[in-house]
Structures are given as structure tokens and as C-alpha cells.
Amino acid sequence: MDAEEEKQVGPDEEEEVTEATEPEPQSDNDFMAGAMLANGIVFVWMQALSVFRQFFSQLPPRFLVDVSYILYLLAGYLASRQVIRRAKRDYLKAGLKTAGYSTIMGLLILSSMNSDQTLALAITLGVCYFAGGILGSYIETKDRLKRRGVEASS
């Protein structure tokens with residue numbers, strides 16, 4: 001019976017509950033993870049284009065180009081949103097930094113490919129990543145302001 005009494009904690013012996021502290025500032029690991037996410041989406045799409053070549057050859061080339069641009073932009077957006085969610089402030093800076101890391105990683109990956117269109121694709125990816133980073137920071141800022149407005153009015 002003594003062992004059970006020792007396990008029970010009385011009200012005056014409760015452990016202190018500390019409030020949640022602010023998250024640590026973003027590190028280069030966060031931005032690299034975002035870059036890997038963005039480039040992963042892009043290069044899965046590129047692999048799908050080559051694996052399902054027969055199916056995609058039946059579609060108009062202009063349609064595939066448009067879908068590719070949208071996917072590149074979406075990849076930059078999703079990567080920046082994931083990184084920005086950890087940020088307390090400076091959302092645009094975090095989005096642009098994620099886009100920069102994504103562009104650099106994309107250039108490194110593209111440099112290992114044997115393709116004639118490497119420079120054009122690198123420029124396209126860079127522009128889409130930066131547009132996605134800006135879009136992600138804008139949407140996150142808008143969402144947080146909306147949540148603050150709801151909380152303030154409650």
C-alpha cells in the first residue's frame with residue numbers, strides 16, 4: 001500500500017506546467033526541407049512525363065507546358081507555405097529564402113541532367129519558385145490576419 005501512496009501526487013506536489021515557448025527561429029534545415037519538397041514535386045512530374053510518354057504524346061504540347069508551369073508554381077507555393085508556418089514574422093523573407101534555396105537545389109539537380117533545355121528550364125523553375133514563394137507568404141499572411149480578426153472579435 002505504501003508503494004501506491006508514493007505514486008500518487010498530492011495537489012501541492014504537482015509538477016509545474018510551463019507555457020509553450022516560442023518556436024525556435026527557422027534554420028537552414030527548414031529551408032532545405034522546403035527546397036527538397038519543391039524539387040521533389042517538379043521532378044516527380046518530369047519522371048511522369050517520361051514514363052507515360054505515350055499517353056502524354058496524345059495531348060497538345062501547349063497544354064502540357066501550361067500544366068507544367070502550374071505545377072512548378074504550386075511546388076514553390078507548397079514549399080513556402082510549409083516553411084512559413086513555423087515563422088512568427090517576416091513571412092515574405094521566409095518565402096523568398098525558400099524559393100532561393102529551391103532554385104539553387106534545382107540548378108544543382110538540372111546540372112546533372114543531359115538536356116539541351118537546361119538553362120530555359122532553370123530560369124522557368126526559378127521564376128515559378130519565386131512567384132510561389134511570394135504567393136505562399138501572401139496567403140499565409142492573409143490567413144493569420146483573418147484568424148487574429150476572429151480571435152479579437154470573440
# chains A, B, ... in the order shown; residues from 1 in each chain; ligands from 1

$ closest_atom_pairs --of "stretch 14-108 of chain A" --to "stretch 120-124 of chain A" --cutoff "9 Å" --atoms "only C-alpha atoms" --output "CSV"
residue,atom,partner,partner_atom,distance
A:Tyr69,CA,A:Thr124,CA,8.0
A:Tyr72,CA,A:Thr124,CA,8.4
A:Thr103,CA,A:Ala122,CA,7.7
A:Gly106,CA,A:Ala122,CA,7.1
A:Leu107,CA,A:Ala122,CA,6.1

$ residues_around --residues "A:Gly40" --least-positions-apart "6" --cutoff "12 Å" --atoms "only C-alpha atoms" --output "MDAnalysis selection string"
chainID A and resid 32:34 46:47 71:72 74:76 78:79 102 105:106 109

$ write_last_selection --atoms "N, CA and C atoms" --output "short mmCIF file (atom, residue, chain, number, x, y, z; two decimals), in the first residue's frame"
data_model
loop_
_atom_site.label_atom_id
_atom_site.label_comp_id
_atom_site.auth_asym_id
_atom_site.auth_seq_id
_atom_site.Cartn_x
_atom_site.Cartn_y
_atom_site.Cartn_z
N MET A 32 16.04 24.03 -46.50
CA MET A 32 16.46 22.90 -47.33
C MET A 32 15.32 21.89 -47.47
N ALA A 33 14.56 21.68 -46.41
CA ALA A 33 13.41 20.77 -46.49
C ALA A 33 12.37 21.31 -47.47
N GLY A 34 12.15 22.61 -47.42
CA GLY A 34 11.23 23.22 -48.39
C GLY A 34 11.74 23.09 -49.81
N MET A 46 8.36 15.45 -63.89
CA MET A 46 9.23 15.19 -65.04
C MET A 46 9.36 13.69 -65.31
N GLN A 47 9.45 12.91 -64.26
CA GLN A 47 9.54 11.46 -64.43
C GLN A 47 8.22 10.91 -64.97
N LEU A 71 2.23 23.43 -62.13
CA LEU A 71 2.85 22.54 -61.14
C LEU A 71 4.11 23.14 -60.53
N TYR A 72 4.90 23.83 -61.32
CA TYR A 72 6.11 24.49 -60.78
C TYR A 72 5.72 25.57 -59.79
N LEU A 74 2.88 25.70 -58.12
CA LEU A 74 2.30 25.01 -56.97
C LEU A 74 3.39 24.43 -56.06
N ALA A 75 4.44 23.91 -56.66
CA ALA A 75 5.54 23.36 -55.87
C ALA A 75 6.20 24.46 -55.02
N GLY A 76 6.45 25.61 -55.62
CA GLY A 76 7.02 26.73 -54.86
C GLY A 76 6.09 27.22 -53.77
N LEU A 78 3.62 25.42 -52.19
CA LEU A 78 3.52 24.45 -51.10
C LEU A 78 4.77 24.43 -50.22
N ALA A 79 5.92 24.53 -50.84
CA ALA A 79 7.17 24.53 -50.07
C ALA A 79 7.25 25.77 -49.17
N SER A 102 15.30 26.62 -53.15
CA SER A 102 14.71 25.71 -54.14
C SER A 102 15.35 25.90 -55.50
N MET A 105 18.93 24.43 -55.45
CA MET A 105 18.88 22.97 -55.48
C MET A 105 18.43 22.49 -56.86
N GLY A 106 17.47 23.18 -57.45
CA GLY A 106 17.03 22.82 -58.80
C GLY A 106 18.15 22.95 -59.82
N ILE A 109 20.47 20.00 -59.42
CA ILE A 109 19.88 18.78 -59.98
C ILE A 109 19.89 18.85 -61.51
#

$ residues_around --residues "stretch 88-90 of chain A" --least-positions-apart "3" --cutoff "12 Å" --atoms "only C-alpha atoms" --output "number ranges by chain"
A: 22-26, 83-85, 93-97, 134, 137-138, 140-141, 144-145

$ write_last_selection --atoms "N, CA and C atoms" --output "mmCIF file, in the first residue's frame"
data_model
loop_
_atom_site.group_PDB
_atom_site.id
_atom_site.type_symbol
_atom_site.label_atom_id
_atom_site.label_comp_id
_atom_site.auth_asym_id
_atom_site.auth_seq_id
_atom_site.Cartn_x
_atom_site.Cartn_y
_atom_site.Cartn_z
ATOM 1 N N GLU A 22 8.005 30.160 -27.543
ATOM 2 C CA GLU A 22 8.001 30.449 -28.967
ATOM 3 C C GLU A 22 8.878 29.437 -29.693
ATOM 4 N N PRO A 23 8.497 29.060 -30.901
ATOM 5 C CA PRO A 23 9.334 28.125 -31.635
ATOM 6 C C PRO A 23 10.686 28.755 -31.968
ATOM 7 N N GLU A 24 11.665 27.909 -32.125
ATOM 8 C CA GLU A 24 12.991 28.399 -32.453
ATOM 9 C C GLU A 24 12.962 29.065 -33.818
ATOM 10 N N PRO A 25 13.861 30.024 -34.042
ATOM 11 C CA PRO A 25 13.883 30.646 -35.364
ATOM 12 C C PRO A 25 14.211 29.608 -36.439
ATOM 13 N N GLN A 26 13.794 29.904 -37.634
ATOM 14 C CA GLN A 26 13.998 28.960 -38.719
ATOM 15 C C GLN A 26 15.480 28.781 -38.995
ATOM 16 N N VAL A 83 7.220 26.046 -44.879
ATOM 17 C CA VAL A 83 8.292 26.705 -44.126
ATOM 18 C C VAL A 83 7.745 27.904 -43.352
ATOM 19 N N ILE A 84 6.855 28.651 -43.967
ATOM 20 C CA ILE A 84 6.322 29.869 -43.349
ATOM 21 C C ILE A 84 5.466 29.546 -42.131
ATOM 22 N N ARG A 85 4.852 28.388 -42.085
ATOM 23 C CA ARG A 85 4.017 28.038 -40.923
ATOM 24 C C ARG A 85 4.800 28.045 -39.623
ATOM 25 N N LYS A 93 10.123 37.267 -46.330
ATOM 26 C CA LYS A 93 11.545 36.908 -46.297
ATOM 27 C C LYS A 93 11.719 35.388 -46.278
ATOM 28 N N ALA A 94 10.907 34.709 -45.472
ATOM 29 C CA ALA A 94 10.991 33.245 -45.404
ATOM 30 C C ALA A 94 10.568 32.613 -46.722
ATOM 31 N N GLY A 95 9.536 33.150 -47.362
ATOM 32 C CA GLY A 95 9.093 32.623 -48.650
ATOM 33 C C GLY A 95 10.135 32.803 -49.734
ATOM 34 N N LEU A 96 10.767 33.975 -49.750
ATOM 35 C CA LEU A 96 11.798 34.228 -50.756
ATOM 36 C C LEU A 96 13.056 33.411 -50.494
ATOM 37 N N LYS A 97 13.371 33.221 -49.236
ATOM 38 C CA LYS A 97 14.546 32.404 -48.907
ATOM 39 C C LYS A 97 14.312 30.944 -49.297
ATOM 40 N N ILE A 134 6.277 34.028 -53.045
ATOM 41 C CA ILE A 134 5.541 35.258 -52.764
ATOM 42 C C ILE A 134 4.070 34.953 -52.518
ATOM 43 N N SER A 137 3.653 33.344 -49.062
ATOM 44 C CA SER A 137 3.753 34.299 -47.951
ATOM 45 C C SER A 137 2.521 35.204 -47.899
ATOM 46 N N TYR A 138 1.982 35.568 -49.047
ATOM 47 C CA TYR A 138 0.776 36.387 -49.076
ATOM 48 C C TYR A 138 -0.413 35.643 -48.472
ATOM 49 N N GLU A 140 -0.407 33.047 -46.456
ATOM 50 C CA GLU A 140 -0.204 32.797 -45.023
ATOM 51 C C GLU A 140 -0.452 34.058 -44.202
ATOM 52 N N THR A 141 0.017 35.206 -44.697
ATOM 53 C CA THR A 141 -0.237 36.471 -44.004
ATOM 54 C C THR A 141 -1.734 36.753 -43.940
ATOM 55 N N ARG A 144 -3.395 34.387 -41.379
ATOM 56 C CA ARG A 144 -3.100 34.747 -39.981
ATOM 57 C C ARG A 144 -3.823 36.014 -39.570
ATOM 58 N N LEU A 145 -3.926 36.969 -40.476
ATOM 59 C CA LEU A 145 -4.677 38.184 -40.153
ATOM 60 C C LEU A 145 -6.156 37.867 -39.955
#

$ atom_distance --atom1 "atom CA of A:Val67" --atom2 "atom CA of A:Phe43"
13.8 Å

$ residues_around --residues "A:Leu64" --least-positions-apart "3" --cutoff "12 Å" --atoms "only C-alpha atoms" --output "list in words"
Trp45, Met46, Ala48, Leu49, Arg53, Phe55, Phe56, Ser57, Gln58, Leu59, Pro60, Pro61, Val67, Ser68, Tyr69, Ile70 and Leu71 of chain A
